[in-house]
Amino acid sequence: MDYFERKLDDKRRLTIPTELRAKFASGAVVTRGFGQYLHLYPKDVWDNLVEPRLDGDILDERIADLNVQFRMGKTDAEPDGKQGRITLEQHLLDYANIDRDVVAVGVGRYWRVMAPESKDAKVL
């Protein structure tokens, strides 16, 4: 599944589609994206693919900027076993201008999560 739309519930929980829940069995990591959207990573993808890329040369300013971008506000979440929901922190929703409706698009091994009216969603 490469695309899904959802409404957050009153507790800011995003329901992961049934077809994707196995990918998030190890947990989920939510970070700021490069634009006004969020990145949603399966925990094992974060640990095995993102973390090693962020652990570059200590004096490389590009690596430092990437660390700030992805670690500022980064949260780990465990989907609840019943409905596959994860809670999105309010500061991340504010960053992405997400109110209640969300659109998620698969980008390789992670998902870009955004408000349907965002300029990044309009590209779709």
# chains A, B, ... in the order shown; residues from 1 in each chain; ligands from 1

$ select_by_dssp --residues "chain A" --states "helix (DSSP H, G or I)" --output "PyMOL selection string"
chain A and resi 18-24+43-54+61-71+90-95+119-122

$ write_last_selection --atoms "N, CA and C atoms" --output "CSV table (one decimal), in the first residue's frame"
chain,number,residue,atom,x,y,z
A,18,THR,N,-4.5,-1.9,8.0
A,18,THR,CA,-4.3,-3.3,8.3
A,18,THR,C,-3.1,-3.8,7.5
A,19,GLU,N,-3.1,-3.5,6.2
A,19,GLU,CA,-2.1,-4.0,5.2
A,19,GLU,C,-0.7,-3.6,5.6
A,20,LEU,N,-0.5,-2.5,6.4
A,20,LEU,CA,0.8,-2.0,6.8
A,20,LEU,C,1.2,-2.4,8.2
A,21,ARG,N,0.4,-2.9,9.0
A,21,ARG,CA,0.7,-3.1,10.4
A,21,ARG,C,1.9,-4.0,10.7
A,22,ALA,N,2.1,-5.0,9.8
A,22,ALA,CA,3.2,-5.9,10.0
A,22,ALA,C,4.5,-5.1,9.9
A,23,LYS,N,4.6,-4.1,9.0
A,23,LYS,CA,5.8,-3.3,8.8
A,23,LYS,C,6.1,-2.5,10.1
A,24,PHE,N,5.1,-2.2,10.9
A,24,PHE,CA,5.3,-1.4,12.1
A,24,PHE,C,5.3,-2.3,13.4
A,43,LYS,N,10.1,1.3,12.8
A,43,LYS,CA,11.3,1.4,13.8
A,43,LYS,C,12.5,0.7,13.2
A,44,ASP,N,12.4,-0.5,12.6
A,44,ASP,CA,13.5,-1.2,12.1
A,44,ASP,C,14.2,-0.5,10.9
A,45,VAL,N,13.4,0.2,10.1
A,45,VAL,CA,13.9,1.0,9.0
A,45,VAL,C,14.7,2.2,9.6
A,46,TRP,N,14.2,2.8,10.6
A,46,TRP,CA,14.9,3.9,11.2
A,46,TRP,C,16.2,3.4,11.8
A,47,ASP,N,16.2,2.3,12.6
A,47,ASP,CA,17.4,1.8,13.2
A,47,ASP,C,18.4,1.3,12.2
A,48,ASN,N,18.0,0.7,11.1
A,48,ASN,CA,19.0,0.1,10.2
A,48,ASN,C,19.4,0.9,9.0
A,49,LEU,N,18.5,1.9,8.6
A,49,LEU,CA,18.8,2.7,7.5
A,49,LEU,C,19.1,4.2,7.7
A,50,VAL,N,18.3,4.7,8.6
A,50,VAL,CA,18.4,6.2,8.9
A,50,VAL,C,19.5,6.5,9.9
A,51,GLU,N,19.5,5.8,11.0
A,51,GLU,CA,20.5,6.0,12.1
A,51,GLU,C,21.9,5.9,11.5
A,52,PRO,N,22.3,4.9,10.8
A,52,PRO,CA,23.6,4.8,10.2
A,52,PRO,C,24.0,6.0,9.3
A,53,ARG,N,23.0,6.6,8.6
A,53,ARG,CA,23.3,7.7,7.8
A,53,ARG,C,23.5,9.0,8.6
A,54,LEU,N,22.9,9.1,9.8
A,54,LEU,CA,23.0,10.2,10.6
A,54,LEU,C,24.3,10.2,11.5
A,61,GLU,N,29.1,19.4,8.5
A,61,GLU,CA,28.0,20.2,8.8
A,61,GLU,C,26.7,19.7,8.1
A,62,ARG,N,26.7,19.1,7.0
A,62,ARG,CA,25.6,18.6,6.4
A,62,ARG,C,24.9,17.5,7.2
A,63,ILE,N,25.8,16.6,7.8
A,63,ILE,CA,25.3,15.6,8.7
A,63,ILE,C,24.7,16.2,9.9
A,64,ALA,N,25.3,17.2,10.5
A,64,ALA,CA,24.8,17.9,11.6
A,64,ALA,C,23.4,18.5,11.3
A,65,ASP,N,23.3,19.1,10.2
A,65,ASP,CA,22.0,19.7,9.8
A,65,ASP,C,20.9,18.6,9.7
A,66,LEU,N,21.2,17.5,9.1
A,66,LEU,CA,20.3,16.3,9.0
A,66,LEU,C,19.9,15.8,10.4
A,67,ASN,N,20.9,15.8,11.3
A,67,ASN,CA,20.5,15.3,12.6
A,67,ASN,C,19.6,16.3,13.3
A,68,VAL,N,19.8,17.6,13.2
A,68,VAL,CA,18.9,18.5,13.7
A,68,VAL,C,17.5,18.4,13.1
A,69,GLN,N,17.4,18.3,11.8
A,69,GLN,CA,16.2,18.1,11.1
A,69,GLN,C,15.4,16.9,11.6
A,70,PHE,N,16.0,15.8,11.6
A,70,PHE,CA,15.3,14.5,11.9
A,70,PHE,C,15.1,14.3,13.4
A,71,ARG,N,16.0,14.8,14.3
A,71,ARG,CA,15.9,14.5,15.7
A,71,ARG,C,15.0,15.5,16.5
A,90,GLN,N,1.4,16.7,19.5
A,90,GLN,CA,0.9,17.9,19.0
A,90,GLN,C,1.9,18.8,18.3
A,91,HIS,N,3.1,18.9,18.9
A,91,HIS,CA,4.1,19.7,18.2
A,91,HIS,C,4.4,19.3,16.8
A,92,LEU,N,4.4,18.0,16.5
A,92,LEU,CA,4.6,17.5,15.2
A,92,LEU,C,3.4,17.9,14.3
A,93,LEU,N,2.2,17.7,14.8
A,93,LEU,CA,1.0,18.1,14.0
A,93,LEU,C,1.0,19.6,13.7
A,94,ASP,N,1.5,20.4,14.7
A,94,ASP,CA,1.6,21.8,14.4
A,94,ASP,C,2.6,22.1,13.3
A,95,TYR,N,3.7,21.5,13.4
A,95,TYR,CA,4.8,21.7,12.4
A,95,TYR,C,4.2,21.4,11.0
A,119,LYS,N,0.7,22.2,0.4
A,119,LYS,CA,1.2,22.3,-1.0
A,119,LYS,C,1.9,21.1,-1.4
A,120,ASP,N,2.5,20.3,-0.4
A,120,ASP,CA,3.1,19.1,-0.8
A,120,ASP,C,2.1,18.0,-1.2
A,121,ALA,N,0.9,18.0,-0.7
A,121,ALA,CA,-0.1,17.1,-1.1
A,121,ALA,C,-0.7,17.5,-2.5
A,122,LYS,N,-0.6,18.8,-2.8
A,122,LYS,CA,-1.1,19.2,-4.1
A,122,LYS,C,-0.3,18.7,-5.3

$ residues_around --residues "segment 3-13 of chain A" --least-positions-apart "3" --cutoff "6 Å" --atoms "only C-alpha atoms" --output "MDAnalysis selection string"
chainID A and resid 85:88 100:105

$ residues_around --residues "Arg112 of chain A" --least-positions-apart "6" --cutoff "8 Å" --atoms "only C-alpha atoms" --output "list of chain:residue names"
A:Gly33, A:Tyr37, A:Leu38, A:His39, A:Leu40, A:Ala104, A:Val105, A:Gly106

$ write_last_selection --atoms "N, CA, C and O atoms" --output "compact mmCIF listing (two decimals), in the first residue's frame"
# COMPACT_ATOMS: atom_id res chain seq x y z
N GLY A 33 9.64 16.29 8.43
CA GLY A 33 10.14 16.01 7.10
C GLY A 33 10.98 17.16 6.59
O GLY A 33 11.31 18.09 7.34
N TYR A 37 5.69 18.59 6.42
CA TYR A 37 5.06 17.29 6.54
C TYR A 37 5.90 16.45 7.47
O TYR A 37 6.97 16.87 7.91
N LEU A 38 5.39 15.28 7.80
CA LEU A 38 6.08 14.38 8.72
C LEU A 38 6.58 13.16 7.96
O LEU A 38 6.06 12.82 6.91
N HIS A 39 7.59 12.52 8.52
CA HIS A 39 8.04 11.22 8.05
C HIS A 39 7.62 10.18 9.07
O HIS A 39 7.80 10.38 10.27
N LEU A 40 7.08 9.09 8.59
CA LEU A 40 6.66 7.97 9.43
C LEU A 40 7.48 6.75 9.01
O LEU A 40 7.35 6.28 7.88
N ALA A 104 -1.23 10.08 3.66
CA ALA A 104 0.09 9.45 3.78
C ALA A 104 0.45 8.80 2.46
O ALA A 104 -0.36 8.09 1.86
N VAL A 105 1.67 9.07 2.02
CA VAL A 105 2.16 8.53 0.75
C VAL A 105 3.46 7.78 1.00
O VAL A 105 4.36 8.31 1.65
N GLY A 106 3.53 6.57 0.49
CA GLY A 106 4.75 5.79 0.62
C GLY A 106 5.87 6.38 -0.21
O GLY A 106 5.68 6.74 -1.37

$ select_by_dssp --residues "chain A" --states "strand (DSSP E)" --output "CSV table (one decimal) with all heavy atoms, in the first residue's frame"
chain,number,residue,atom,x,y,z
A,3,TYR,N,-0.5,4.5,-0.5
A,3,TYR,CA,-1.3,5.7,-0.2
A,3,TYR,C,-2.4,5.4,0.8
A,3,TYR,O,-3.1,4.4,0.6
A,3,TYR,CB,-1.8,6.3,-1.5
A,3,TYR,CG,-2.7,7.5,-1.3
A,3,TYR,CD1,-2.1,8.8,-1.2
A,3,TYR,CD2,-4.1,7.4,-1.3
A,3,TYR,CE1,-2.9,9.9,-1.0
A,3,TYR,CE2,-4.9,8.5,-1.1
A,3,TYR,CZ,-4.3,9.8,-1.0
A,3,TYR,OH,-5.1,10.9,-0.8
A,4,PHE,N,-2.6,6.3,1.7
A,4,PHE,CA,-3.8,6.1,2.5
A,4,PHE,C,-4.2,7.5,3.1
A,4,PHE,O,-3.4,8.4,3.2
A,4,PHE,CB,-3.7,5.1,3.6
A,4,PHE,CG,-2.7,5.3,4.7
A,4,PHE,CD1,-3.0,6.0,5.9
A,4,PHE,CD2,-1.4,4.8,4.5
A,4,PHE,CE1,-2.1,6.2,6.9
A,4,PHE,CE2,-0.4,5.0,5.5
A,4,PHE,CZ,-0.8,5.7,6.7
A,5,GLU,N,-5.5,7.6,3.4
A,5,GLU,CA,-6.1,8.8,4.0
A,5,GLU,C,-6.7,8.4,5.3
A,5,GLU,O,-7.3,7.3,5.4
A,5,GLU,CB,-7.2,9.4,3.1
A,5,GLU,CG,-6.6,10.0,1.9
A,5,GLU,CD,-7.7,10.6,1.0
A,5,GLU,OE1,-8.8,11.0,1.5
A,5,GLU,OE2,-7.5,10.7,-0.2
A,6,ARG,N,-6.6,9.2,6.4
A,6,ARG,CA,-7.2,8.9,7.7
A,6,ARG,C,-7.6,10.2,8.3
A,6,ARG,O,-7.2,11.3,8.0
A,6,ARG,CB,-6.2,8.2,8.6
A,6,ARG,CG,-5.8,6.8,8.2
A,6,ARG,CD,-7.0,5.8,8.5
A,6,ARG,NE,-6.6,4.5,8.2
A,6,ARG,CZ,-6.8,3.8,7.1
A,6,ARG,NH1,-7.3,4.4,6.0
A,6,ARG,NH2,-6.5,2.5,7.0
A,7,LYS,N,-8.5,10.0,9.4
A,7,LYS,CA,-8.8,11.1,10.3
A,7,LYS,C,-8.2,10.7,11.6
A,7,LYS,O,-8.3,9.6,12.1
A,7,LYS,CB,-10.3,11.2,10.4
A,7,LYS,CG,-11.0,11.8,9.2
A,7,LYS,CD,-12.5,12.1,9.5
A,7,LYS,CE,-13.2,12.7,8.3
A,7,LYS,NZ,-12.7,14.0,7.9
A,13,ARG,N,-4.6,10.1,17.5
A,13,ARG,CA,-4.1,8.8,17.1
A,13,ARG,C,-4.4,8.6,15.6
A,13,ARG,O,-5.5,8.9,15.2
A,13,ARG,CB,-4.7,7.7,17.9
A,13,ARG,CG,-4.3,7.7,19.4
A,13,ARG,CD,-4.9,6.7,20.2
A,13,ARG,NE,-6.4,6.9,20.2
A,13,ARG,CZ,-7.2,6.3,21.1
A,13,ARG,NH1,-6.7,5.4,22.0
A,13,ARG,NH2,-8.5,6.5,21.1
A,14,LEU,N,-3.4,8.1,15.0
A,14,LEU,CA,-3.4,7.7,13.5
A,14,LEU,C,-3.5,6.2,13.5
A,14,LEU,O,-2.7,5.5,14.0
A,14,LEU,CB,-2.2,8.2,12.8
A,14,LEU,CG,-2.0,7.7,11.4
A,14,LEU,CD1,-3.0,8.4,10.5
A,14,LEU,CD2,-0.6,8.1,10.9
A,15,THR,N,-4.5,5.7,12.8
A,15,THR,CA,-4.7,4.3,12.6
A,15,THR,C,-3.9,3.8,11.4
A,15,THR,O,-4.1,4.3,10.2
A,15,THR,CB,-6.2,3.9,12.4
A,15,THR,OG1,-6.9,4.4,13.5
A,15,THR,CG2,-6.4,2.4,12.2
A,28,ALA,N,7.2,2.5,15.6
A,28,ALA,CA,7.2,3.5,14.6
A,28,ALA,C,8.0,4.7,15.1
A,28,ALA,O,8.1,4.9,16.3
A,28,ALA,CB,5.8,4.0,14.3
A,29,VAL,N,8.6,5.4,14.2
A,29,VAL,CA,9.3,6.6,14.5
A,29,VAL,C,8.7,7.7,13.6
A,29,VAL,O,8.5,7.6,12.4
A,29,VAL,CB,10.8,6.5,14.2
A,29,VAL,CG1,11.6,7.9,14.4
A,29,VAL,CG2,11.5,5.4,15.0
A,30,VAL,N,8.4,8.9,14.2
A,30,VAL,CA,7.8,10.0,13.5
A,30,VAL,C,8.7,11.2,13.7
A,30,VAL,O,9.2,11.5,14.8
A,30,VAL,CB,6.4,10.4,14.1
A,30,VAL,CG1,5.8,11.5,13.3
A,30,VAL,CG2,5.5,9.1,14.1
A,31,THR,N,9.1,11.8,12.6
A,31,THR,CA,10.0,13.0,12.6
A,31,THR,C,9.4,14.1,11.7
A,31,THR,O,8.5,13.8,10.9
A,31,THR,CB,11.4,12.6,12.1
A,31,THR,OG1,11.3,12.3,10.7
A,31,THR,CG2,12.0,11.4,12.8
A,32,ARG,N,10.0,15.2,11.8
A,32,ARG,CA,9.7,16.3,10.8
A,32,ARG,C,10.3,15.9,9.5
A,32,ARG,O,11.3,15.2,9.4
A,32,ARG,CB,10.4,17.6,11.2
A,32,ARG,CG,9.9,18.2,12.5
A,32,ARG,CD,10.7,19.5,12.8
A,32,ARG,NE,10.1,20.2,13.9
A,32,ARG,CZ,10.4,21.4,14.3
A,32,ARG,NH1,11.2,22.1,13.5
A,32,ARG,NH2,9.8,22.0,15.3
A,38,LEU,N,5.4,15.3,7.8
A,38,LEU,CA,6.1,14.4,8.7
A,38,LEU,C,6.6,13.2,8.0
A,38,LEU,O,6.1,12.8,6.9
A,38,LEU,CB,5.1,13.9,9.8
A,38,LEU,CG,4.4,15.0,10.6
A,38,LEU,CD1,3.5,14.5,11.6
A,38,LEU,CD2,5.5,15.9,11.3
A,39,HIS,N,7.6,12.5,8.5
A,39,HIS,CA,8.0,11.2,8.1
A,39,HIS,C,7.6,10.2,9.1
A,39,HIS,O,7.8,10.4,10.3
A,39,HIS,CB,9.6,11.2,7.9
A,39,HIS,CG,10.1,11.9,6.7
A,39,HIS,ND1,11.4,12.0,6.5
A,39,HIS,CD2,9.5,12.6,5.8
A,39,HIS,CE1,11.6,12.7,5.4
A,39,HIS,NE2,10.5,13.1,4.9
A,40,LEU,N,7.1,9.1,8.6
A,40,LEU,CA,6.7,8.0,9.4
A,40,LEU,C,7.5,6.8,9.0
A,40,LEU,O,7.3,6.3,7.9
A,40,LEU,CB,5.2,7.7,9.3
A,40,LEU,CG,4.6,6.4,9.9
A,40,LEU,CD1,4.8,6.5,11.4
A,40,LEU,CD2,3.1,6.3,9.5
A,41,TYR,N,8.4,6.3,9.9
A,41,TYR,CA,9.2,5.2,9.6
A,41,TYR,C,8.9,4.0,10.5
A,41,TYR,O,8.6,4.1,11.7
A,41,TYR,CB,10.7,5.5,10.0
A,41,TYR,CG,11.3,6.6,9.2
A,41,TYR,CD1,11.2,7.9,9.7
A,41,TYR,CD2,12.0,6.4,8.1
A,41,TYR,CE1,11.8,9.0,9.0
A,41,TYR,CE2,12.6,7.4,7.4
A,41,TYR,CZ,12.5,8.7,7.9
A,41,TYR,OH,13.1,9.8,7.2
A,42,PRO,N,8.9,2.8,9.9
A,42,PRO,CA,8.9,1.6,10.8
A,42,PRO,C,10.2,1.6,11.6
A,42,PRO,O,11.3,2.1,11.1
A,42,PRO,CB,8.9,0.4,9.8
A,42,PRO,CG,8.4,1.0,8.5
A,42,PRO,CD,8.8,2.4,8.5
A,75,THR,N,9.8,11.3,17.7
A,75,THR,CA,9.1,10.5,18.7
A,75,THR,C,9.1,9.0,18.3
A,75,THR,O,9.0,8.7,17.1
A,75,THR,CB,7.6,10.9,18.9
A,75,THR,OG1,6.9,10.8,17.7
A,75,THR,CG2,7.6,12.4,19.4
A,76,ASP,N,9.1,8.1,19.2
A,76,ASP,CA,8.9,6.7,19.0
A,76,ASP,C,7.5,6.4,19.5
A,76,ASP,O,7.0,6.9,20.5
A,76,ASP,CB,9.9,5.9,19.8
A,76,ASP,CG,11.4,6.1,19.4
A,76,ASP,OD1,11.6,6.2,18.1
A,76,ASP,OD2,12.3,6.2,20.2
A,77,ALA,N,6.9,5.5,18.8
A,77,ALA,CA,5.5,5.1,19.1
A,77,ALA,C,5.4,3.6,18.9
A,77,ALA,O,6.0,3.0,18.0
A,77,ALA,CB,4.5,5.8,18.3
A,85,ARG,N,-3.1,1.8,16.2
A,85,ARG,CA,-3.0,3.2,16.2
A,85,ARG,C,-1.7,3.7,16.9
A,85,ARG,O,-1.2,3.1,17.8
A,85,ARG,CB,-4.2,3.8,17.0
A,85,ARG,CG,-5.5,3.5,16.4
A,85,ARG,CD,-6.6,3.9,17.3
A,85,ARG,NE,-6.6,3.2,18.6
A,85,ARG,CZ,-7.5,3.2,19.5
A,85,ARG,NH1,-8.6,3.9,19.3
A,85,ARG,NH2,-7.4,2.6,20.6
A,86,ILE,N,-1.2,4.8,16.4
A,86,ILE,CA,-0.1,5.5,17.0
A,86,ILE,C,-0.5,6.9,17.3
A,86,ILE,O,-1.3,7.5,16.6
A,86,ILE,CB,1.2,5.5,16.2
A,86,ILE,CG1,1.0,6.2,14.9
A,86,ILE,CG2,1.7,4.0,16.0
A,86,ILE,CD1,2.3,6.4,14.1
A,87,THR,N,0.0,7.5,18.4
A,87,THR,CA,-0.3,8.8,18.8
A,87,THR,C,0.7,9.8,18.2
A,87,THR,O,2.0,9.5,18.3
A,87,THR,CB,-0.3,9.0,20.3
A,87,THR,OG1,-1.3,8.1,20.9
A,87,THR,CG2,-0.6,10.4,20.7
A,101,ASP,N,-7.5,15.6,9.4
A,101,ASP,CA,-7.4,14.8,8.2
A,101,ASP,C,-5.9,14.7,7.8
A,101,ASP,O,-5.2,15.7,7.9
A,101,ASP,CB,-8.2,15.4,7.0
A,101,ASP,CG,-9.7,15.4,7.3
A,101,ASP,OD1,-10.2,14.5,7.9
A,101,ASP,OD2,-10.3,16.4,6.8
A,102,VAL,N,-5.5,13.5,7.5
A,102,VAL,CA,-4.1,13.3,7.0
A,102,VAL,C,-4.1,12.4,5.8
A,102,VAL,O,-5.0,11.6,5.5
A,102,VAL,CB,-3.3,12.5,8.1
A,102,VAL,CG1,-3.1,13.4,9.4
A,102,VAL,CG2,-3.7,11.2,8.4
A,103,VAL,N,-3.1,12.7,5.0
A,103,VAL,CA,-2.8,11.9,3.8
A,103,VAL,C,-1.4,11.3,4.0
A,103,VAL,O,-0.5,12.1,4.4
A,103,VAL,CB,-2.8,12.8,2.5
A,103,VAL,CG1,-2.3,12.1,1.3
A,103,VAL,CG2,-4.2,13.4,2.3
A,104,ALA,N,-1.2,10.1,3.7
A,104,ALA,CA,0.1,9.5,3.8
A,104,ALA,C,0.5,8.8,2.5
A,104,ALA,O,-0.4,8.1,1.9
A,104,ALA,CB,0.1,8.4,4.9
A,105,VAL,N,1.7,9.1,2.0
A,105,VAL,CA,2.2,8.5,0.8
A,105,VAL,C,3.5,7.8,1.0
A,105,VAL,O,4.4,8.3,1.6
A,105,VAL,CB,2.4,9.7,-0.3
A,105,VAL,CG1,2.9,9.1,-1.6
A,105,VAL,CG2,1.2,10.5,-0.5
A,106,GLY,N,3.5,6.6,0.5
A,106,GLY,CA,4.8,5.8,0.6
A,106,GLY,C,5.9,6.4,-0.2
A,106,GLY,O,5.7,6.7,-1.4
A,107,VAL,N,7.0,6.5,0.4
A,107,VAL,CA,8.2,7.1,-0.2
A,107,VAL,C,9.3,6.1,0.0
A,107,VAL,O,10.1,6.2,1.0
A,107,VAL,CB,8.6,8.5,0.3
A,107,VAL,CG1,9.7,9.1,-0.5
A,107,VAL,CG2,7.4,9.4,0.3
A,110,TYR,N,9.4,4.5,3.8
A,110,TYR,CA,8.8,5.3,4.9
A,110,TYR,C,7.6,6.0,4.2
A,110,TYR,O,7.4,5.9,3.0
A,110,TYR,CB,9.7,6.3,5.5
A,110,TYR,CG,10.2,7.4,4.7
A,110,TYR,CD1,9.6,8.6,4.6
A,110,TYR,CD2,11.3,7.2,3.9
A,110,TYR,CE1,10.0,9.7,3.8
A,110,TYR,CE2,11.8,8.3,3.1
A,110,TYR,CZ,11.1,9.5,3.1
A,110,TYR,OH,11.6,10.5,2.3
A,111,TRP,N,6.8,6.7,5.0
A,111,TRP,CA,5.6,7.4,4.5
A,111,TRP,C,5.7,8.9,4.9
A,111,TRP,O,6.2,9.2,5.9
A,111,TRP,CB,4.3,6.8,5.2
A,111,TRP,CG,3.9,5.5,4.5
A,111,TRP,CD1,3.0,5.4,3.5
A,111,TRP,CD2,4.5,4.3,4.7
A,111,TRP,NE1,3.0,4.1,3.2
A,111,TRP,CE2,3.9,3.4,3.9
A,111,TRP,CE3,5.5,3.8,5.6
A,111,TRP,CZ2,4.2,2.0,3.9
A,111,TRP,CZ3,5.8,2.4,5.6
A,111,TRP,CH2,5.2,1.6,4.7
A,112,ARG,N,5.3,9.7,3.9
A,112,ARG,CA,5.2,11.1,4.1
A,112,ARG,C,3.7,11.4,4.6
A,112,ARG,O,2.8,11.0,3.9
A,112,ARG,CB,5.5,11.9,2.8
A,112,ARG,CG,5.5,13.4,3.0
A,112,ARG,CD,5.7,14.1,1.7
A,112,ARG,NE,7.2,13.9,1.3
A,112,ARG,CZ,7.7,14.5,0.2
A,112,ARG,NH1,6.9,15.3,-0.6
A,112,ARG,NH2,9.0,14.4,0.0
A,113,VAL,N,3.6,12.0,5.8
A,113,VAL,CA,2.3,12.2,6.3
A,113,VAL,C,2.1,13.7,6.3
A,113,VAL,O,2.9,14.5,6.8
A,113,VAL,CB,2.2,11.7,7.8
A,113,VAL,CG1,0.9,12.0,8.4
A,113,VAL,CG2,2.5,10.2,7.8
A,114,MET,N,0.9,14.2,5.8
A,114,MET,CA,0.7,15.6,5.6
A,114,MET,C,-0.8,15.9,5.6
A,114,MET,O,-1.6,15.0,5.5
A,114,MET,CB,1.3,16.1,4.3
A,114,MET,CG,0.7,15.4,3.1
A,114,MET,SD,1.8,15.6,1.6
A,114,MET,CE,2.2,13.9,1.3

$ closest_residue --among "A:Met1, A:Pro17, A:Phe34, A:Ala25" --to "Pro79 of chain A" --atoms "only C-alpha atoms"
A:Ala25
